[in-house]
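Heads up, structure_0.tsv below (TSV, C-alpha atoms):
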chain	number	residue	atom	x	y	z
A	1	MET	CA	192.27	-201.08	-43.83
A	2	GLU	CA	191.95	-197.31	-43.39
A	3	ARG	CA	188.92	-195.73	-41.76
A	4	ALA	CA	187.79	-194.07	-44.99
A	5	ALA	CA	187.96	-197.39	-46.85
A	6	LYS	CA	186.02	-199.07	-44.05
A	7	ARG	CA	183.34	-196.36	-44.16
A	8	GLU	CA	183.08	-196.74	-47.94
A	9	LEU	CA	182.79	-200.54	-47.66
A	10	VAL	CA	180.10	-200.26	-44.96
A	11	ALA	CA	178.19	-197.76	-47.12
A	12	SER	CA	178.35	-200.01	-50.20
A	13	LEU	CA	177.29	-203.08	-48.17
A	14	HIS	CA	174.45	-201.04	-46.64
A	15	ASP	CA	173.20	-200.27	-50.16
A	16	VAL	CA	173.46	-203.96	-51.07
A	17	PHE	CA	171.41	-205.04	-48.04
A	18	LYS	CA	168.88	-202.27	-48.62
A	19	ASP	CA	168.35	-202.51	-52.38
A	20	THR	CA	168.89	-206.09	-53.60
A	21	GLY	CA	166.23	-208.73	-54.13
A	22	VAL	CA	168.02	-211.55	-52.31
A	23	VAL	CA	171.17	-211.97	-50.20
A	24	VAL	CA	172.65	-215.43	-49.55
A	25	VAL	CA	175.22	-215.78	-46.75
A	26	ALA	CA	177.69	-218.68	-46.88
A	27	HIS	CA	180.92	-219.93	-45.31
A	28	TYR	CA	183.68	-220.24	-47.88
A	29	ALA	CA	186.52	-221.71	-45.77
A	30	GLY	CA	188.49	-224.26	-47.75
A	31	LEU	CA	187.60	-222.95	-51.22
A	32	THR	CA	190.63	-222.48	-53.43
A	33	VAL	CA	191.16	-219.21	-55.26
A	34	ALA	CA	190.14	-220.91	-58.51
A	35	GLN	CA	186.90	-222.21	-56.95
A	36	MET	CA	186.08	-218.79	-55.47
A	37	THR	CA	186.77	-217.16	-58.83
A	38	GLU	CA	184.48	-219.68	-60.53
A	39	TYR	CA	181.77	-219.00	-57.91
A	40	ARG	CA	182.06	-215.26	-58.54
A	41	ARG	CA	181.92	-215.83	-62.32
A	42	GLN	CA	178.76	-217.96	-62.07
A	43	ILE	CA	177.01	-215.44	-59.82
A	44	LYS	CA	178.01	-212.58	-62.14
A	45	ALA	CA	176.70	-214.51	-65.17
A	46	ALA	CA	173.35	-214.81	-63.36
A	47	GLY	CA	173.24	-211.05	-62.79
A	48	GLY	CA	174.57	-210.92	-59.23
A	49	SER	CA	177.73	-210.30	-57.25
A	50	VAL	CA	179.78	-211.87	-54.45
A	51	LYS	CA	181.41	-209.90	-51.65
A	52	VAL	CA	183.69	-210.98	-48.85
A	53	ALA	CA	183.73	-208.55	-45.95
A	54	LYS	CA	184.74	-208.54	-42.32
A	55	ASN	CA	181.83	-209.71	-40.20
A	56	ARG	CA	181.98	-206.66	-37.96
A	57	LEU	CA	181.69	-204.35	-40.98
A	58	ALA	CA	178.85	-206.42	-42.46
A	59	LYS	CA	176.94	-206.19	-39.17
A	60	LEU	CA	177.42	-202.41	-39.16
A	61	ALA	CA	176.10	-202.25	-42.72
A	62	LEU	CA	173.01	-204.28	-41.77
A	63	LYS	CA	171.77	-201.63	-39.32
A	64	ASP	CA	168.63	-199.80	-40.45
A	65	THR	CA	167.94	-202.21	-43.33
A	66	ASP	CA	165.22	-204.81	-43.87
A	67	SER	CA	167.98	-207.46	-43.78
A	68	ALA	CA	169.02	-206.76	-40.18
A	69	GLY	CA	167.70	-210.18	-39.08
A	70	ILE	CA	170.65	-212.02	-40.64
A	71	ALA	CA	173.32	-210.39	-38.44
A	72	ASP	CA	173.73	-213.64	-36.47
A	73	LEU	CA	174.89	-215.46	-39.63
A	74	PHE	CA	178.09	-213.42	-39.81
A	75	LYS	CA	180.47	-215.64	-37.83
A	76	GLY	CA	183.61	-217.13	-39.31
A	77	PRO	CA	184.74	-216.71	-42.93
A	78	THR	CA	181.55	-215.55	-44.64
A	79	CYS	CA	180.72	-214.20	-48.05
A	80	ILE	CA	177.50	-212.84	-49.44
A	81	ALA	CA	176.01	-213.45	-52.86
A	82	TYR	CA	173.29	-211.07	-53.97
A	83	SER	CA	171.21	-210.21	-57.01
A	84	GLU	CA	168.30	-208.02	-58.04
A	85	ASP	CA	166.46	-211.08	-59.37
A	86	PRO	CA	165.11	-212.72	-56.21
A	87	ILE	CA	166.01	-216.20	-57.43
A	88	ALA	CA	169.29	-215.90	-59.37
A	89	ALA	CA	171.81	-215.66	-56.50
A	90	ALA	CA	170.07	-218.39	-54.49
A	91	LYS	CA	169.93	-220.73	-57.49
A	92	VAL	CA	173.64	-220.36	-58.31
A	93	ALA	CA	174.74	-220.50	-54.65
A	94	VAL	CA	172.80	-223.72	-53.95
A	95	LYS	CA	174.04	-225.35	-57.16
A	96	PHE	CA	177.65	-224.38	-56.41
A	97	ALA	CA	177.35	-225.58	-52.78
A	98	LYS	CA	176.16	-229.00	-54.00
A	99	GLU	CA	179.21	-229.27	-56.26
A	100	ASN	CA	181.69	-227.92	-53.67
A	101	ASP	CA	181.48	-229.12	-50.06
A	102	ASN	CA	183.57	-226.17	-48.85
A	103	LEU	CA	180.83	-223.63	-49.64
A	104	VAL	CA	178.27	-223.97	-46.86
A	105	ILE	CA	175.09	-221.92	-47.13
A	106	LEU	CA	174.08	-220.40	-43.79
A	107	GLY	CA	170.90	-218.60	-44.81
A	108	GLY	CA	169.91	-215.32	-46.32
A	109	THR	CA	167.32	-212.63	-46.68
A	110	MET	CA	164.72	-211.62	-49.22
A	111	GLY	CA	163.28	-208.23	-48.35
A	112	THR	CA	162.21	-208.39	-44.71
A	113	ASN	CA	162.12	-212.21	-44.71
A	114	VAL	CA	165.02	-214.02	-43.06
A	115	LEU	CA	165.71	-217.27	-44.89
A	116	ASP	CA	167.10	-220.42	-43.29
A	117	VAL	CA	168.95	-223.03	-45.36
A	118	PRO	CA	165.81	-224.99	-46.44
A	119	SER	CA	164.17	-221.69	-47.46
A	120	VAL	CA	167.17	-220.73	-49.61
A	121	GLU	CA	167.07	-224.18	-51.23
A	122	ALA	CA	163.31	-223.85	-51.84
A	123	LEU	CA	163.88	-220.43	-53.39
A	124	ALA	CA	166.58	-221.89	-55.63
A	125	ALA	CA	164.15	-224.59	-56.83
A	126	LEU	CA	161.75	-221.98	-58.21
A	127	PRO	CA	161.95	-221.11	-61.90
A	128	SER	CA	163.85	-217.92	-62.71
A	129	LEU	CA	162.15	-214.76	-63.89
A	130	ASP	CA	163.12	-215.47	-67.51
A	131	GLU	CA	161.75	-219.03	-67.27
A	132	LEU	CA	158.46	-217.69	-65.86
A	133	ARG	CA	158.23	-215.15	-68.67
A	134	ALA	CA	158.81	-217.87	-71.28
A	135	LYS	CA	156.08	-220.06	-69.75
A	136	LEU	CA	153.67	-217.15	-69.65
A	137	ILE	CA	154.33	-216.25	-73.29
A	138	SER	CA	153.84	-219.87	-74.38
A	139	LEU	CA	150.55	-220.00	-72.45
A	140	LEU	CA	149.38	-216.80	-74.10
A	141	ASN	CA	150.44	-217.98	-77.57
A	142	ALA	CA	148.80	-221.42	-77.32
A	143	PRO	CA	145.17	-220.27	-77.79
A	144	ALA	CA	146.09	-218.07	-80.76
A	145	THR	CA	147.93	-220.97	-82.39
A	146	LYS	CA	144.93	-223.28	-81.88
A	147	ILE	CA	142.53	-220.69	-83.33
A	148	ALA	CA	144.73	-220.20	-86.40
A	149	ARG	CA	145.00	-223.96	-86.91
A	150	THR	CA	141.21	-224.39	-86.56
A	151	ILE	CA	140.47	-221.61	-89.05
A	152	LYS	CA	143.04	-222.91	-91.56
A	153	GLU	CA	141.99	-226.60	-91.42
A	154	PRO	CA	138.73	-226.54	-93.48
A	155	GLY	CA	140.52	-224.82	-96.37
A	156	GLY	CA	143.29	-227.41	-96.17
A	157	GLN	CA	140.77	-230.26	-96.26
A	158	LEU	CA	139.03	-228.74	-99.29
A	159	ALA	CA	142.38	-228.36	-101.08
A	160	ARG	CA	143.24	-232.03	-100.38
A	161	VAL	CA	139.85	-233.18	-101.76
A	162	ILE	CA	140.27	-231.10	-104.94
A	163	HIS	CA	143.82	-232.41	-105.34
A	164	ALA	CA	142.64	-236.00	-104.91
A	165	LYS	CA	139.86	-235.50	-107.49
A	166	ALA	CA	142.29	-233.89	-109.94
A	167	SER	CA	144.81	-236.74	-109.48
A	168	ALA	CA	142.13	-239.42	-109.93
A	169	GLY	CA	140.52	-237.99	-113.07
Translate the structure of the given file into structure tokens.
Amino acid sequence: MERAAKRELVASLHDVFKDTGVVVVAHYAGLTVAQMTEYRRQIKAAGGSVKVAKNRLAKLALKDTDSAGIADLFKGPTCIAYSEDPIAAAKVAVKFAKENDNLVILGGTMGTNVLDVPSVEALAALPSLDELRAKLISLLNAPATKIARTIKEPGGQLARVIHAKASAG
């Protein structure tokens, strides 16, 4: 790899570590090309990305970022999964690791917080941002639906009584 390409890679990784919501670091030794491609596809579908970089370059990119605490995780064949949504990359990475023994999650970072493996798994267990929005909307809609049903019910009862009287007589 040329020096210019290395500098460009370090700069792009630095932006990733500085700007993303969550970064998950994992060992990928033993994954086939098809499995790695599937992993990348799943992360991309969730709104994230996967990068494989030399550990030395990743450690250089970590300097002067909030994620600097994860530098010790970069040993051996590592890849990073990251996303703006603080839950998406963790959720997909944990699910994929459960299905494929060759992807081993080492930890990660969320802002200034360094995450160990149980923390990444706990983060993955949380509902996604879209799921939280859907729950919030349903909670906000429930009272309005109940009010509309309560207001409509007396008229419905009156209509049923009139219909019953008309049918009987």
Correct to one decimal, the distance CA of Leu62 (chain A)-CA of Ala5 (chain A) is 17.2 Å
Using all atoms listed in the file, which residues sit within 8 Å of Ser83 (chain A) once same-chain residues fewer than 5 positions away are excluded, as a PDB file with C-alpha atoms, in the frame of the given file?
ATOM      1  CA  THR A  20     168.890-206.090 -53.600  1.00  0.00           C
ATOM      2  CA  GLY A  21     166.230-208.730 -54.130  1.00  0.00           C
ATOM      3  CA  VAL A  22     168.020-211.550 -52.310  1.00  0.00           C
ATOM      4  CA  VAL A  23     171.170-211.970 -50.200  1.00  0.00           C
ATOM      5  CA  GLY A  47     173.240-211.050 -62.790  1.00  0.00           C
ATOM      6  CA  GLY A  48     174.570-210.920 -59.230  1.00  0.00           C
ATOM      7  CA  SER A  49     177.730-210.300 -57.250  1.00  0.00           C
ATOM      8  CA  ALA A  88     169.290-215.900 -59.370  1.00  0.00           C
ATOM      9  CA  ALA A  89     171.810-215.660 -56.500  1.00  0.00           C
TER      10      ALA A  89
END
Write out as an NGL selection string the residues lying within 6 Å of region 123-138 of chain A, counting all atoms listed in the file and excluding same-chain residues fewer than 6 positions away.
:A and (87 or 90-91)
Distance in Å - CA of Leu60 (chain A) versus CA of Ala34 (chain A):
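Spanning CA of Leu60 (chain A) to CA of Ala34 (chain A) is a straight-line distance of 29.6 Å.
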Identify which of the residues A:Leu106, A:Ala93, A:Leu9, A:Ala144 lies closest to Arg56 (chain A), counting all atoms listed in the file when measuring atom-to-atom distances.
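Going through A:Leu106, A:Ala93, A:Leu9, A:Ala144 one by one, the smallest distance to Arg56 (chain A) is for A:Leu9.
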Selection as a PyMOL selection string: residues within 12 Å of (170.2, -200.0, -41.1), counting only C-alpha atoms
chain A and resi 10-11+13-19+58-69+71
From A:Ala142, A:Leu158, A:Ala166, A:Leu57, residue lying nearest Arg3 (chain A) [all atoms listed in the file]:
A:Leu57
Starting from the block above, write region 79-93 of chain A out to a file with all heavy atoms, as a PDB file, in the first residue's frame, please.
ATOM      1  N   CYS A  79     -12.057  -6.448  12.117  1.00  0.00           N
ATOM      2  CA  CYS A  79     -12.864  -5.595  11.248  1.00  0.00           C
ATOM      3  C   CYS A  79     -13.736  -4.737  12.147  1.00  0.00           C
ATOM      4  O   CYS A  79     -13.979  -5.087  13.309  1.00  0.00           O
ATOM      5  CB  CYS A  79     -13.713  -6.410  10.284  1.00  0.00           C
ATOM      6  SG  CYS A  79     -14.995  -7.408  11.044  1.00  0.00           S
ATOM      7  N   ILE A  80     -14.166  -3.614  11.613  1.00  0.00           N
ATOM      8  CA  ILE A  80     -15.060  -2.757  12.382  1.00  0.00           C
ATOM      9  C   ILE A  80     -16.381  -2.615  11.637  1.00  0.00           C
ATOM     10  O   ILE A  80     -16.414  -2.542  10.412  1.00  0.00           O
ATOM     11  CB  ILE A  80     -14.454  -1.359  12.656  1.00  0.00           C
ATOM     12  CG1 ILE A  80     -14.127  -0.628  11.354  1.00  0.00           C
ATOM     13  CG2 ILE A  80     -13.241  -1.455  13.545  1.00  0.00           C
ATOM     14  CD1 ILE A  80     -13.797   0.836  11.540  1.00  0.00           C
ATOM     15  N   ALA A  81     -17.450  -2.634  12.392  1.00  0.00           N
ATOM     16  CA  ALA A  81     -18.786  -2.357  11.862  1.00  0.00           C
ATOM     17  C   ALA A  81     -19.244  -1.085  12.563  1.00  0.00           C
ATOM     18  O   ALA A  81     -19.061  -0.940  13.774  1.00  0.00           O
ATOM     19  CB  ALA A  81     -19.734  -3.503  12.166  1.00  0.00           C
ATOM     20  N   TYR A  82     -19.795  -0.163  11.800  1.00  0.00           N
ATOM     21  CA  TYR A  82     -20.203   1.106  12.392  1.00  0.00           C
ATOM     22  C   TYR A  82     -21.468   1.613  11.733  1.00  0.00           C
ATOM     23  O   TYR A  82     -21.802   1.234  10.611  1.00  0.00           O
ATOM     24  CB  TYR A  82     -19.086   2.144  12.287  1.00  0.00           C
ATOM     25  CG  TYR A  82     -18.610   2.401  10.882  1.00  0.00           C
ATOM     26  CD1 TYR A  82     -19.144   3.425  10.116  1.00  0.00           C
ATOM     27  CD2 TYR A  82     -17.615   1.611  10.313  1.00  0.00           C
ATOM     28  CE1 TYR A  82     -18.709   3.655   8.828  1.00  0.00           C
ATOM     29  CE2 TYR A  82     -17.171   1.838   9.020  1.00  0.00           C
ATOM     30  CZ  TYR A  82     -17.726   2.865   8.290  1.00  0.00           C
ATOM     31  OH  TYR A  82     -17.297   3.087   7.005  1.00  0.00           O
ATOM     32  N   SER A  83     -22.190   2.459  12.482  1.00  0.00           N
ATOM     33  CA  SER A  83     -23.414   3.062  11.959  1.00  0.00           C
ATOM     34  C   SER A  83     -23.710   4.341  12.723  1.00  0.00           C
ATOM     35  O   SER A  83     -23.247   4.527  13.843  1.00  0.00           O
ATOM     36  CB  SER A  83     -24.592   2.095  12.086  1.00  0.00           C
ATOM     37  OG  SER A  83     -24.877   1.834  13.439  1.00  0.00           O
ATOM     38  N   GLU A  84     -24.473   5.207  12.089  1.00  0.00           N
ATOM     39  CA  GLU A  84     -24.910   6.441  12.750  1.00  0.00           C
ATOM     40  C   GLU A  84     -25.905   6.105  13.860  1.00  0.00           C
ATOM     41  O   GLU A  84     -25.843   6.669  14.930  1.00  0.00           O
ATOM     42  CB  GLU A  84     -25.551   7.395  11.744  1.00  0.00           C
ATOM     43  CG  GLU A  84     -24.576   8.025  10.778  1.00  0.00           C
ATOM     44  CD  GLU A  84     -23.556   8.908  11.458  1.00  0.00           C
ATOM     45  OE1 GLU A  84     -23.906   9.618  12.417  1.00  0.00           O
ATOM     46  OE2 GLU A  84     -22.390   8.863  11.044  1.00  0.00           O
ATOM     47  N   ASP A  85     -26.843   5.209  13.556  1.00  0.00           N
ATOM     48  CA  ASP A  85     -27.807   4.742  14.547  1.00  0.00           C
ATOM     49  C   ASP A  85     -27.025   3.992  15.616  1.00  0.00           C
ATOM     50  O   ASP A  85     -26.304   3.048  15.313  1.00  0.00           O
ATOM     51  CB  ASP A  85     -28.830   3.818  13.876  1.00  0.00           C
ATOM     52  CG  ASP A  85     -29.876   3.279  14.839  1.00  0.00           C
ATOM     53  OD1 ASP A  85     -29.763   3.495  16.058  1.00  0.00           O
ATOM     54  OD2 ASP A  85     -30.819   2.630  14.371  1.00  0.00           O
ATOM     55  N   PRO A  86     -27.126   4.381  16.864  1.00  0.00           N
ATOM     56  CA  PRO A  86     -26.298   3.767  17.901  1.00  0.00           C
ATOM     57  C   PRO A  86     -26.605   2.304  18.192  1.00  0.00           C
ATOM     58  O   PRO A  86     -25.890   1.674  18.950  1.00  0.00           O
ATOM     59  CB  PRO A  86     -26.561   4.621  19.142  1.00  0.00           C
ATOM     60  CG  PRO A  86     -27.621   5.560  18.805  1.00  0.00           C
ATOM     61  CD  PRO A  86     -27.906   5.489  17.354  1.00  0.00           C
ATOM     62  N   ILE A  87     -27.632   1.753  17.562  1.00  0.00           N
ATOM     63  CA  ILE A  87     -27.995   0.373  17.861  1.00  0.00           C
ATOM     64  C   ILE A  87     -27.819  -0.542  16.652  1.00  0.00           C
ATOM     65  O   ILE A  87     -27.534  -1.729  16.790  1.00  0.00           O
ATOM     66  CB  ILE A  87     -29.445   0.320  18.392  1.00  0.00           C
ATOM     67  CG1 ILE A  87     -29.517   1.081  19.702  1.00  0.00           C
ATOM     68  CG2 ILE A  87     -29.920  -1.097  18.578  1.00  0.00           C
ATOM     69  CD1 ILE A  87     -30.893   1.283  20.233  1.00  0.00           C
ATOM     70  N   ALA A  88     -27.958  -0.009  15.449  1.00  0.00           N
ATOM     71  CA  ALA A  88     -28.031  -0.830  14.236  1.00  0.00           C
ATOM     72  C   ALA A  88     -26.823  -1.747  14.047  1.00  0.00           C
ATOM     73  O   ALA A  88     -26.979  -2.952  13.847  1.00  0.00           O
ATOM     74  CB  ALA A  88     -28.214   0.062  13.010  1.00  0.00           C
ATOM     75  N   ALA A  89     -25.608  -1.201  14.085  1.00  0.00           N
ATOM     76  CA  ALA A  89     -24.414  -2.020  13.838  1.00  0.00           C
ATOM     77  C   ALA A  89     -24.257  -3.085  14.922  1.00  0.00           C
ATOM     78  O   ALA A  89     -23.918  -4.231  14.626  1.00  0.00           O
ATOM     79  CB  ALA A  89     -23.161  -1.154  13.763  1.00  0.00           C
ATOM     80  N   ALA A  90     -24.505  -2.725  16.171  1.00  0.00           N
ATOM     81  CA  ALA A  90     -24.381  -3.692  17.265  1.00  0.00           C
ATOM     82  C   ALA A  90     -25.394  -4.816  17.113  1.00  0.00           C
ATOM     83  O   ALA A  90     -25.073  -5.986  17.291  1.00  0.00           O
ATOM     84  CB  ALA A  90     -24.561  -2.990  18.614  1.00  0.00           C
ATOM     85  N   LYS A  91     -26.623  -4.475  16.741  1.00  0.00           N
ATOM     86  CA  LYS A  91     -27.680  -5.470  16.603  1.00  0.00           C
ATOM     87  C   LYS A  91     -27.330  -6.489  15.517  1.00  0.00           C
ATOM     88  O   LYS A  91     -27.420  -7.697  15.719  1.00  0.00           O
ATOM     89  CB  LYS A  91     -29.003  -4.770  16.281  1.00  0.00           C
ATOM     90  CG  LYS A  91     -30.221  -5.656  16.348  1.00  0.00           C
ATOM     91  CD  LYS A  91     -31.487  -4.842  16.178  1.00  0.00           C
ATOM     92  CE  LYS A  91     -31.801  -4.117  17.436  1.00  0.00           C
ATOM     93  NZ  LYS A  91     -32.982  -4.532  18.133  1.00  0.00           N
ATOM     94  N   VAL A  92     -26.896  -5.998  14.354  1.00  0.00           N
ATOM     95  CA  VAL A  92     -26.564  -6.893  13.239  1.00  0.00           C
ATOM     96  C   VAL A  92     -25.317  -7.714  13.564  1.00  0.00           C
ATOM     97  O   VAL A  92     -25.268  -8.916  13.297  1.00  0.00           O
ATOM     98  CB  VAL A  92     -26.374  -6.096  11.933  1.00  0.00           C
ATOM     99  CG1 VAL A  92     -25.874  -6.987  10.809  1.00  0.00           C
ATOM    100  CG2 VAL A  92     -27.679  -5.430  11.525  1.00  0.00           C
ATOM    101  N   ALA A  93     -24.303  -7.075  14.165  1.00  0.00           N
ATOM    102  CA  ALA A  93     -23.056  -7.783  14.478  1.00  0.00           C
ATOM    103  C   ALA A  93     -23.298  -8.918  15.474  1.00  0.00           C
ATOM    104  O   ALA A  93     -22.797 -10.031  15.292  1.00  0.00           O
ATOM    105  CB  ALA A  93     -22.014  -6.813  15.023  1.00  0.00           C
TER     106      ALA A  93
END
